[in-house]
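Data file: data-v2.txt. Format and content: compact mmCIF, C-alpha atoms.
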```txt
# COMPACT_ATOMS: atom_id res chain seq x y z
CA MET A 129 13.16 2.68 4.72
CA ARG A 130 10.87 3.73 7.58
CA SER A 131 11.31 6.62 9.95
CA ARG A 132 8.51 9.16 9.99
CA TRP A 133 6.01 9.55 7.21
CA ILE A 134 5.42 12.03 4.46
CA ALA A 135 2.13 13.66 3.49
CA LEU A 136 0.81 12.43 0.15
CA LEU A 137 -1.70 13.79 -2.31
CA THR A 138 -5.28 12.66 -2.03
CA VAL A 139 -6.45 9.81 -4.24
CA SER A 140 -9.68 7.87 -4.39
CA ALA A 141 -10.83 4.42 -5.41
CA VAL A 142 -10.21 2.62 -8.67
CA VAL A 143 -11.71 -0.55 -10.08
CA LEU A 144 -9.07 -3.24 -10.66
CA VAL A 145 -6.70 -5.24 -8.56
CA GLY A 146 -4.64 -3.87 -5.73
CA VAL A 147 -4.41 -0.48 -4.16
CA LEU A 148 -4.82 3.14 -4.97
CA VAL A 149 -1.97 5.17 -6.23
CA TRP A 150 -0.17 8.47 -6.58
CA VAL A 151 -1.62 11.64 -7.92
CA GLY A 152 -4.69 10.72 -10.08
CA ILE A 153 -7.73 8.75 -9.35
CA GLY A 154 -9.41 11.94 -8.26
CA ALA A 155 -6.25 13.57 -6.92
CA VAL A 156 -6.48 16.99 -5.33
CA ALA A 157 -3.15 18.79 -5.06
CA GLY A 158 -2.20 20.03 -1.63
CA THR A 159 -4.54 17.82 0.35
CA SER A 160 -3.60 15.16 2.85
CA GLY A 161 -2.34 11.78 1.70
CA LEU A 162 -4.52 8.79 0.94
CA PHE A 163 -3.54 5.34 -0.22
CA GLY A 164 -6.34 2.80 -0.52
CA THR A 165 -7.05 -0.65 -1.78
CA GLY A 166 -9.47 -1.81 -4.49
CA THR A 167 -11.25 -5.11 -4.71
CA ARG A 168 -9.80 -8.08 -6.57
CA GLN A 169 -12.82 -8.09 -8.87
CA PRO A 170 -14.79 -4.99 -9.90
CA SER A 171 -18.29 -4.84 -8.51
CA VAL A 172 -21.23 -3.89 -10.68
CA GLY A 173 -22.48 -0.38 -10.03
CA SER A 174 -19.54 0.56 -7.82
CA THR A 175 -19.74 3.95 -6.16
CA GLY A 176 -15.98 4.22 -5.63
CA ASP A 177 -14.80 5.45 -2.24
CA PHE A 178 -16.55 4.44 0.96
CA THR A 179 -17.41 7.03 3.59
CA PRO A 180 -16.08 6.30 7.09
CA THR A 181 -18.83 6.43 9.67
CA GLU A 182 -16.89 5.60 12.83
CA THR A 183 -13.65 7.17 14.05
CA TYR A 184 -11.32 5.91 16.77
CA ALA A 185 -8.28 7.62 18.25
CA VAL A 186 -5.11 5.58 18.62
CA LEU A 187 -3.68 6.35 22.03
CA PRO A 188 0.09 6.50 22.72
CA ASP A 189 0.03 2.92 24.02
CA GLY A 190 -1.62 1.67 20.82
CA THR A 191 -5.10 1.15 22.29
CA LEU A 192 -8.21 2.68 20.74
CA ASP A 193 -10.66 5.22 22.12
CA PRO A 194 -13.46 4.31 22.06
CA GLU A 195 -12.96 0.57 21.85
CA PRO A 196 -14.40 -0.85 18.60
CA GLU A 197 -16.60 -3.92 18.50
CA GLY A 198 -17.38 -6.72 16.07
CA ARG A 199 -15.82 -6.56 12.63
CA ALA A 200 -14.23 -3.17 13.36
CA ARG A 201 -12.33 -4.77 16.22
CA GLU A 202 -11.35 -7.79 14.13
CA VAL A 203 -9.96 -5.72 11.25
CA TRP A 204 -7.99 -3.50 13.59
CA ASP A 205 -6.49 -6.49 15.34
CA GLU A 206 -5.42 -7.94 11.97
CA PHE A 207 -3.83 -4.63 11.00
CA VAL A 208 -1.88 -4.55 14.26
CA ARG A 209 -0.66 -8.10 13.62
CA VAL A 210 0.63 -7.04 10.21
CA ALA A 211 2.17 -3.71 11.22
CA THR A 212 3.18 -4.70 14.80
CA PRO A 213 1.96 -3.06 18.02
CA ASP A 214 5.08 -0.89 18.28
CA PHE A 215 4.61 0.50 14.77
CA VAL A 216 0.94 1.24 15.42
CA ALA A 217 1.63 2.96 18.73
CA SER A 218 4.36 5.17 17.27
CA ASP A 219 3.01 6.01 13.82
CA ILE A 220 -0.78 5.54 13.64
CA THR A 221 -3.04 8.15 15.26
CA GLY A 222 -6.48 7.17 14.03
CA TYR A 223 -8.69 4.34 12.78
CA ARG A 224 -11.80 4.86 10.66
CA THR A 225 -14.41 2.38 9.49
CA GLY A 226 -17.31 2.31 7.08
CA ASP A 227 -19.49 -0.43 5.63
CA ASP A 228 -20.21 -0.01 1.93
CA PRO A 229 -20.46 -3.12 -0.27
CA ASP A 230 -21.01 -0.90 -3.34
CA SER A 231 -17.55 0.62 -2.97
CA ASP A 232 -14.43 -0.91 -4.52
CA THR A 233 -12.22 0.52 -1.80
CA LEU A 234 -11.25 -2.01 0.85
CA ALA A 235 -8.95 0.15 2.96
CA TYR A 236 -6.60 3.10 2.86
CA VAL A 237 -4.02 4.95 4.87
CA THR A 238 -3.97 8.74 4.93
CA SER A 239 -1.68 11.23 6.60
CA ASP A 240 -2.98 12.79 9.81
CA GLU A 241 -4.32 16.28 9.09
CA ASN A 242 -2.83 17.58 12.33
CA ASP A 243 0.50 15.77 12.09
CA PRO A 244 1.63 14.74 8.60
CA THR A 245 4.38 12.58 10.13
CA LYS A 246 1.63 10.22 11.36
CA TRP A 247 -0.98 8.06 9.63
CA VAL A 248 -4.67 7.20 9.88
CA PHE A 249 -5.88 3.77 8.79
CA ALA A 250 -9.39 3.25 7.37
CA ALA A 251 -11.20 0.03 6.49
CA ASN A 252 -14.37 -0.85 4.60
CA LEU A 253 -15.97 -3.49 6.82
CA ALA A 254 -18.07 -4.79 3.94
CA TYR A 255 -15.05 -6.90 2.94
CA ALA A 256 -13.91 -7.90 6.41
CA ASP A 257 -15.19 -11.48 6.15
CA ASP A 258 -12.84 -12.35 3.25
CA ALA A 259 -9.78 -13.26 5.31
CA ASP A 260 -7.39 -13.76 2.39
CA LEU A 261 -8.36 -10.52 0.67
CA LEU A 262 -8.16 -8.62 3.95
CA LEU A 263 -4.68 -9.89 4.73
CA SER A 264 -3.42 -9.08 1.24
CA THR A 265 -4.90 -5.60 1.57
CA LEU A 266 -3.24 -4.96 4.91
CA VAL A 267 0.16 -6.17 3.74
CA HIS A 268 -0.09 -3.95 0.67
CA GLU A 269 -0.89 -0.90 2.78
CA TYR A 270 2.01 -1.76 5.07
CA ALA A 271 4.34 -1.80 2.05
CA HIS A 272 3.30 1.75 1.19
CA LEU A 273 4.09 2.86 4.73
CA LEU A 274 7.47 1.15 4.73
CA SER A 275 8.50 2.70 1.42
CA LEU A 276 7.31 6.30 1.92
CA GLY A 277 9.17 7.60 4.96
CA LEU A 278 10.88 10.95 5.32
CA ASP A 279 14.18 9.17 4.77
CA ASP A 280 12.90 8.30 1.29
CA VAL A 281 11.66 11.69 0.08
CA ASP A 282 12.78 15.28 -0.49
CA PRO A 283 9.54 17.15 0.31
CA ALA A 284 10.95 20.49 -0.85
CA ALA A 285 11.67 19.30 -4.39
CA GLU A 286 9.27 20.44 -7.10
CA VAL A 287 10.97 19.08 -10.22
CA CYS A 288 11.99 15.44 -10.03
CA ASP A 289 14.83 13.60 -11.63
CA THR A 290 13.55 10.65 -9.62
CA GLU A 291 10.03 9.32 -9.10
CA TRP A 292 7.40 11.70 -7.69
CA SER A 293 6.22 10.50 -4.28
CA GLY A 294 3.06 12.59 -4.05
CA ALA A 295 4.66 15.23 -1.82
CA GLY A 296 8.16 15.59 -3.14
CA CYS A 297 10.74 13.60 -5.04
CA LEU A 298 12.03 10.22 -3.97
CA LEU A 299 15.64 10.30 -2.84
CA PRO A 300 18.03 8.49 -5.18
CA ASP A 301 18.93 5.84 -2.59
CA SER A 302 15.37 5.14 -1.44
CA ASP A 303 14.13 1.59 -1.84
CA LEU A 304 11.21 2.61 -4.03
CA GLN A 305 13.40 4.72 -6.31
CA ARG A 306 15.88 1.88 -6.76
CA PHE A 307 12.97 -0.47 -7.49
CA ALA A 308 11.64 1.94 -10.13
CA GLU A 309 15.04 2.32 -11.78
CA ARG A 310 15.62 -1.41 -11.87
CA PHE A 311 12.21 -2.61 -13.01
CA TRP A 312 10.53 0.32 -14.80
CA ALA A 313 13.21 2.43 -16.47
CA ALA A 314 13.75 0.06 -19.40
CA TYR A 315 10.14 0.15 -20.65
CA ASP A 316 9.57 2.48 -23.56
CA ASP A 317 5.80 2.13 -23.17
CA ALA A 318 5.49 2.54 -19.39
CA PRO A 319 2.72 4.75 -18.01
CA ALA A 320 3.64 8.16 -16.65
CA ARG A 321 5.24 8.20 -13.22
CA ASP A 322 2.05 9.50 -11.67
CA ASN A 323 -0.34 7.34 -13.69
CA VAL A 324 -3.56 6.18 -12.05
CA ASP A 325 -5.62 5.55 -15.17
CA ALA A 326 -6.97 2.00 -15.04
CA ASP A 327 -7.23 1.70 -18.83
CA ILE A 328 -3.60 2.72 -19.30
CA ALA A 329 -2.52 0.26 -16.61
CA TRP A 330 -4.50 -2.53 -18.26
CA GLU A 331 -2.97 -1.91 -21.68
CA PHE A 332 0.53 -1.88 -20.20
CA TYR A 333 -0.20 -5.06 -18.25
CA GLN A 334 -1.45 -6.82 -21.36
CA ALA A 335 1.82 -6.00 -23.12
CA HIS A 336 3.97 -7.26 -20.23
CA GLU A 337 1.74 -9.65 -18.29
CA SER A 338 4.56 -11.95 -17.16
CA ASP A 339 6.36 -9.02 -15.49
CA PHE A 340 3.62 -8.23 -12.97
CA VAL A 341 1.85 -10.04 -10.15
CA SER A 342 -1.45 -8.33 -11.04
CA ASP A 343 -2.87 -5.86 -13.52
CA TYR A 344 -3.04 -3.22 -10.83
CA ALA A 345 0.70 -3.56 -10.26
CA ALA A 346 1.14 -2.17 -13.78
CA THR A 347 -0.35 1.19 -12.74
CA ASN A 348 2.95 2.74 -11.63
CA ALA A 349 6.14 1.81 -9.80
CA SER A 350 4.71 2.44 -6.33
CA GLU A 351 1.76 0.13 -6.85
CA ASP A 352 4.03 -2.48 -8.41
CA PHE A 353 6.23 -2.25 -5.32
CA ALA A 354 3.32 -2.71 -2.91
CA GLU A 355 1.48 -5.37 -4.93
CA THR A 356 4.67 -7.35 -5.43
CA PHE A 357 5.58 -7.10 -1.76
CA ALA A 358 2.16 -8.39 -0.72
CA THR A 359 2.57 -11.38 -3.05
CA TYR A 360 6.15 -11.87 -1.87
CA VAL A 361 4.92 -12.07 1.72
CA LEU A 362 1.85 -14.23 1.22
CA GLU A 363 2.79 -16.68 -1.52
CA PRO A 364 5.24 -19.58 -1.14
CA ASP A 365 8.81 -19.12 -2.31
CA GLY A 366 9.08 -19.29 -6.08
CA SER A 367 11.71 -19.17 -8.78
CA ARG A 368 13.82 -16.03 -9.11
CA ASP A 369 14.30 -16.75 -12.83
CA SER A 370 11.73 -14.24 -14.11
CA VAL A 371 11.04 -10.53 -13.79
CA ILE A 372 8.64 -11.19 -10.92
CA GLY A 373 11.24 -13.47 -9.34
CA GLU A 374 13.84 -10.72 -9.65
CA LYS A 375 11.46 -8.39 -7.81
CA TYR A 376 11.17 -10.97 -5.02
CA ALA A 377 14.98 -11.13 -4.93
CA PHE A 378 15.01 -7.34 -4.59
CA PHE A 379 13.07 -7.72 -1.35
CA ASP A 380 15.21 -10.66 -0.29
CA ALA A 381 18.20 -8.31 -0.28
CA LEU A 382 16.51 -5.72 1.96
CA PRO A 383 16.44 -6.88 5.61
CA GLU A 384 13.52 -4.59 6.51
CA TYR A 385 11.29 -6.28 3.94
CA ALA A 386 12.70 -9.80 4.15
CA ASP A 387 12.34 -9.74 7.94
CA ALA A 388 8.80 -8.38 7.64
CA ARG A 389 7.93 -11.27 5.32
CA GLN A 390 9.28 -13.82 7.78
CA ARG A 391 7.50 -12.18 10.71
CA ILE A 392 4.11 -11.86 8.98
CA ARG A 393 4.22 -15.42 7.65
CA ALA A 394 5.00 -16.73 11.13
CA GLU A 395 2.33 -14.54 12.72
CA PHE A 396 -0.38 -15.85 10.38
CA GLY A 397 0.82 -19.45 10.23
CA LEU A 398 1.76 -19.35 6.55
CA ASP A 399 4.91 -21.48 6.84
```
Could you spell out this file's structure in structure tokens?
Amino acid sequence: MRSRWIALLTVSAVVLVGVLVWVGIGAVAGTSGLFGTGTRQPSVGSTGDFTPTETYAVLPDGTLDPEPEGRAREVWDEFVRVATPDFVASDITGYRTGDDPDSDTLAYVTSDENDPTKWVFAANLAYADDADLLLSTLVHEYAHLLSLGLDDVDPAAEVCDTEWSGAGCLLPDSDLQRFAERFWAAYDDAPARDNVDADIAWEFYQAHESDFVSDYAATNASEDFAETFATYVLEPDGSRDSVIGEKYAFFDALPEYADARQRIRAEFGLD
């Protein structure tokens, strides 16, 4: 459910599929939130995170100041198409870009240091020419934003009976919490709720490969949610007679996500 956004703990890049996750991968408690995306294939000699070199303010009408050019403009326009102009104007306050082909981080969203109810989006322009990878990345980031609103989290909680969001405990009726209970609670070998260790994720994926759309989805419930949503949006309809299919059906039953799938597919001519 989306309303306004929570602040998350800082994370940094990881080599594997998908996006960055909860508290680990270089987490620093008490810092502003960061969710990022890793490449589909590890690069040799990766340096991890990229350093943004250009910063743009998102004005109240959704325009940027200053206006970006070239690939920076193209990536921003794609992000707006995924998230919608209204969403960007109301919830995104900044846009950052860098260009580092040695980094495995494609993009991330981080809470605004001055207003933790808002977000900043950052993109590594080194990957901007891969249209399919870029779109998958943007949809994944959008899933994190949709699932981590203030309506989903108790920021005052310190001990969780539910999943840890990065800045509080997920509320019992939040979409992400219900996803975790349905698809993760039954594993007796699941990684810790806040896992970000790539080796642990890989071992878990190898044991349950048919349950996940990617190895990175096996990192924790949040990354499974976002990775599965991106696949749900971008891939053709498939059978619901599998664990992955049941996860697609989970999104089918949530109008916010099912409608987003229909809108994004129409916007990018995927139907």
Which residues are near stretch 380-383 of chain A? Cut-off 12 Å, only C-alpha atoms, ignore same chain within fewer than 2 positions. Put them as a ChimeraX atom specification. /A:129,274-275,302-304,306-307,357,360-361,365,368,373-378,385-391
Find, counting all atoms listed in the file, the residue in A:Asp177, A:Phe249, A:Trp204, A:Asp214 that gets nearest to A:Asp232.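 Of the candidates, the smallest distance to A:Asp232 is held by A:Asp177.
One distance worth recording is that between atom CA of A:Val324 and atom CA of A:Val203, which is 26.9 Å.
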Nearest to A:Trp330, chosen from A:Ala346, A:Ala318, A:Ala259, A:Leu298, with all atoms listed in the file counted in the distances: A:Ala346
Just want the 12 Å neighbourhood of A:Tyr255, counted on only C-alpha atoms, with same-chain residues fewer than 3 positions away dropped. Output as a VMD selection string. chain A and resid 165 to 168 178 199 to 200 202 to 203 225 to 235 251 to 252 258 to 265
Quick one: everything within 9 Å of A:Ala308, counting all atoms listed in the file, minus sequence neighbours fewer than 3 positions away in the same chain. Send it as a ChimeraX atom specification. /A:290-291,303-305,311-313,348-350,352-353
Which one of A:Arg393, A:Arg310, A:His272, A:Arg321 sits closest to A:Glu355 if you count only C-alpha atoms?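 Among the listed residues, A:His272 lies closest to A:Glu355.
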Excluding same-chain residues fewer than 2 positions from stretch 188-196 of chain A, what lies within 12 Å of it counting all atoms listed in the file, as an MDAnalysis selection string? chainID A and resid 182:186 198:205 207:208 211:225
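Put simply, atom CA of A:Ser239 is 14.2 Å away from atom CA of A:Pro283.
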Which residues come within 10 Å of A:Asp343, counting all atoms listed in the file, excluding same-chain residues fewer than 3 positions away, as a list in words? Leu144, Val145, Gly146, Ala326, Ala329, Trp330, Glu331, Phe332, Tyr333, Gln334, His336, Glu337, Asp339, Phe340, Ala346, Thr347, Asp352 and Glu355 of chain A
Tell me which of A:Asp279, A:Asp369, A:Asp289, A:Glu206 sits closest to A:Phe396, counting only C-alpha atoms.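 So, comparing all the options, the nearest one is A:Glu206.
As for atom CA of A:Ser338 and atom CA of A:Ser370, they are spaced 8.1 Å apart.
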Using all atoms listed in the file, which of A:Val237, A:Val341, A:Val371, A:Ala394 sits nearest A:Tyr270? A:Val237
Could all heavy atoms be built for stretch 207-218 of chain A and written out as a PDB file, in the coordinates of the input?
```pdb
ATOM      1  N   PHE A 207      -4.767  -5.662  11.413  1.00  0.00           N
ATOM      2  CA  PHE A 207      -3.830  -4.630  11.000  1.00  0.00           C
ATOM      3  C   PHE A 207      -2.655  -4.530  11.974  1.00  0.00           C
ATOM      4  O   PHE A 207      -1.495  -4.408  11.554  1.00  0.00           O
ATOM      5  CB  PHE A 207      -4.552  -3.280  10.912  1.00  0.00           C
ATOM      6  CG  PHE A 207      -3.659  -2.121  10.570  1.00  0.00           C
ATOM      7  CD1 PHE A 207      -3.054  -2.043   9.337  1.00  0.00           C
ATOM      8  CD2 PHE A 207      -3.436  -1.112  11.491  1.00  0.00           C
ATOM      9  CE1 PHE A 207      -2.231  -0.972   9.018  1.00  0.00           C
ATOM     10  CE2 PHE A 207      -2.608  -0.042  11.184  1.00  0.00           C
ATOM     11  CZ  PHE A 207      -2.006   0.030   9.940  1.00  0.00           C
ATOM     12  N   VAL A 208      -2.942  -4.606  13.258  1.00  0.00           N
ATOM     13  CA  VAL A 208      -1.880  -4.550  14.260  1.00  0.00           C
ATOM     14  C   VAL A 208      -0.951  -5.755  14.122  1.00  0.00           C
ATOM     15  O   VAL A 208       0.272  -5.625  14.262  1.00  0.00           O
ATOM     16  CB  VAL A 208      -2.476  -4.480  15.674  1.00  0.00           C
ATOM     17  CG1 VAL A 208      -1.390  -4.607  16.735  1.00  0.00           C
ATOM     18  CG2 VAL A 208      -3.251  -3.174  15.867  1.00  0.00           C
ATOM     19  N   ARG A 209      -1.505  -6.912  13.821  1.00  0.00           N
ATOM     20  CA  ARG A 209      -0.660  -8.100  13.620  1.00  0.00           C
ATOM     21  C   ARG A 209       0.279  -7.917  12.429  1.00  0.00           C
ATOM     22  O   ARG A 209       1.429  -8.353  12.471  1.00  0.00           O
ATOM     23  CB  ARG A 209      -1.537  -9.337  13.417  1.00  0.00           C
ATOM     24  CG  ARG A 209      -2.313  -9.776  14.641  1.00  0.00           C
ATOM     25  CD  ARG A 209      -3.240 -10.930  14.311  1.00  0.00           C
ATOM     26  NE  ARG A 209      -2.494 -12.159  14.035  1.00  0.00           N
ATOM     27  CZ  ARG A 209      -3.045 -13.258  13.540  1.00  0.00           C
ATOM     28  NH1 ARG A 209      -4.348 -13.267  13.208  1.00  0.00           N
ATOM     29  NH2 ARG A 209      -2.313 -14.336  13.338  1.00  0.00           N
ATOM     30  N   VAL A 210      -0.212  -7.275  11.379  1.00  0.00           N
ATOM     31  CA  VAL A 210       0.630  -7.040  10.210  1.00  0.00           C
ATOM     32  C   VAL A 210       1.687  -5.977  10.495  1.00  0.00           C
ATOM     33  O   VAL A 210       2.872  -6.148  10.201  1.00  0.00           O
ATOM     34  CB  VAL A 210      -0.225  -6.621   8.992  1.00  0.00           C
ATOM     35  CG1 VAL A 210       0.654  -6.082   7.862  1.00  0.00           C
ATOM     36  CG2 VAL A 210      -1.058  -7.789   8.502  1.00  0.00           C
ATOM     37  N   ALA A 211       1.279  -4.859  11.057  1.00  0.00           N
ATOM     38  CA  ALA A 211       2.170  -3.710  11.220  1.00  0.00           C
ATOM     39  C   ALA A 211       2.984  -3.731  12.502  1.00  0.00           C
ATOM     40  O   ALA A 211       3.948  -2.965  12.606  1.00  0.00           O
ATOM     41  CB  ALA A 211       1.349  -2.422  11.153  1.00  0.00           C
ATOM     42  N   THR A 212       2.599  -4.547  13.458  1.00  0.00           N
ATOM     43  CA  THR A 212       3.180  -4.700  14.800  1.00  0.00           C
ATOM     44  C   THR A 212       2.635  -3.657  15.770  1.00  0.00           C
ATOM     45  O   THR A 212       2.397  -2.497  15.389  1.00  0.00           O
ATOM     46  CB  THR A 212       4.719  -4.649  14.843  1.00  0.00           C
ATOM     47  OG1 THR A 212       5.176  -3.306  14.716  1.00  0.00           O
ATOM     48  CG2 THR A 212       5.344  -5.555  13.797  1.00  0.00           C
ATOM     49  N   PRO A 213       2.456  -4.023  17.030  1.00  0.00           N
ATOM     50  CA  PRO A 213       1.960  -3.060  18.020  1.00  0.00           C
ATOM     51  C   PRO A 213       2.851  -1.840  18.176  1.00  0.00           C
ATOM     52  O   PRO A 213       2.359  -0.728  18.360  1.00  0.00           O
ATOM     53  CB  PRO A 213       1.920  -3.902  19.306  1.00  0.00           C
ATOM     54  CG  PRO A 213       1.753  -5.315  18.831  1.00  0.00           C
ATOM     55  CD  PRO A 213       2.549  -5.396  17.570  1.00  0.00           C
ATOM     56  N   ASP A 214       4.167  -2.017  18.116  1.00  0.00           N
ATOM     57  CA  ASP A 214       5.080  -0.890  18.280  1.00  0.00           C
ATOM     58  C   ASP A 214       4.913   0.119  17.149  1.00  0.00           C
ATOM     59  O   ASP A 214       4.898   1.335  17.377  1.00  0.00           O
ATOM     60  CB  ASP A 214       6.526  -1.369  18.332  1.00  0.00           C
ATOM     61  CG  ASP A 214       6.859  -2.079  19.629  1.00  0.00           C
ATOM     62  OD1 ASP A 214       6.084  -1.933  20.602  1.00  0.00           O
ATOM     63  OD2 ASP A 214       7.882  -2.777  19.677  1.00  0.00           O
ATOM     64  N   PHE A 215       4.802  -0.385  15.922  1.00  0.00           N
ATOM     65  CA  PHE A 215       4.610   0.500  14.770  1.00  0.00           C
ATOM     66  C   PHE A 215       3.307   1.282  14.919  1.00  0.00           C
ATOM     67  O   PHE A 215       3.267   2.500  14.715  1.00  0.00           O
ATOM     68  CB  PHE A 215       4.586  -0.336  13.498  1.00  0.00           C
ATOM     69  CG  PHE A 215       4.303   0.453  12.251  1.00  0.00           C
ATOM     70  CD1 PHE A 215       5.333   0.949  11.479  1.00  0.00           C
ATOM     71  CD2 PHE A 215       2.993   0.696  11.851  1.00  0.00           C
ATOM     72  CE1 PHE A 215       5.074   1.681  10.323  1.00  0.00           C
ATOM     73  CE2 PHE A 215       2.727   1.419  10.711  1.00  0.00           C
ATOM     74  CZ  PHE A 215       3.766   1.919   9.945  1.00  0.00           C
ATOM     75  N   VAL A 216       2.239   0.594  15.280  1.00  0.00           N
ATOM     76  CA  VAL A 216       0.940   1.240  15.420  1.00  0.00           C
ATOM     77  C   VAL A 216       0.989   2.321  16.488  1.00  0.00           C
ATOM     78  O   VAL A 216       0.502   3.441  16.295  1.00  0.00           O
ATOM     79  CB  VAL A 216      -0.139   0.185  15.736  1.00  0.00           C
ATOM     80  CG1 VAL A 216      -1.424   0.856  16.203  1.00  0.00           C
ATOM     81  CG2 VAL A 216      -0.410  -0.678  14.518  1.00  0.00           C
ATOM     82  N   ALA A 217       1.589   2.007  17.628  1.00  0.00           N
ATOM     83  CA  ALA A 217       1.630   2.960  18.730  1.00  0.00           C
ATOM     84  C   ALA A 217       2.439   4.206  18.377  1.00  0.00           C
ATOM     85  O   ALA A 217       2.099   5.318  18.802  1.00  0.00           O
ATOM     86  CB  ALA A 217       2.219   2.293  19.970  1.00  0.00           C
ATOM     87  N   SER A 218       3.484   4.040  17.567  1.00  0.00           N
ATOM     88  CA  SER A 218       4.360   5.170  17.270  1.00  0.00           C
ATOM     89  C   SER A 218       3.927   5.973  16.057  1.00  0.00           C
ATOM     90  O   SER A 218       4.213   7.176  15.980  1.00  0.00           O
ATOM     91  CB  SER A 218       5.799   4.682  17.074  1.00  0.00           C
ATOM     92  OG  SER A 218       5.895   3.851  15.928  1.00  0.00           O
TER      93      SER A 218
END
```
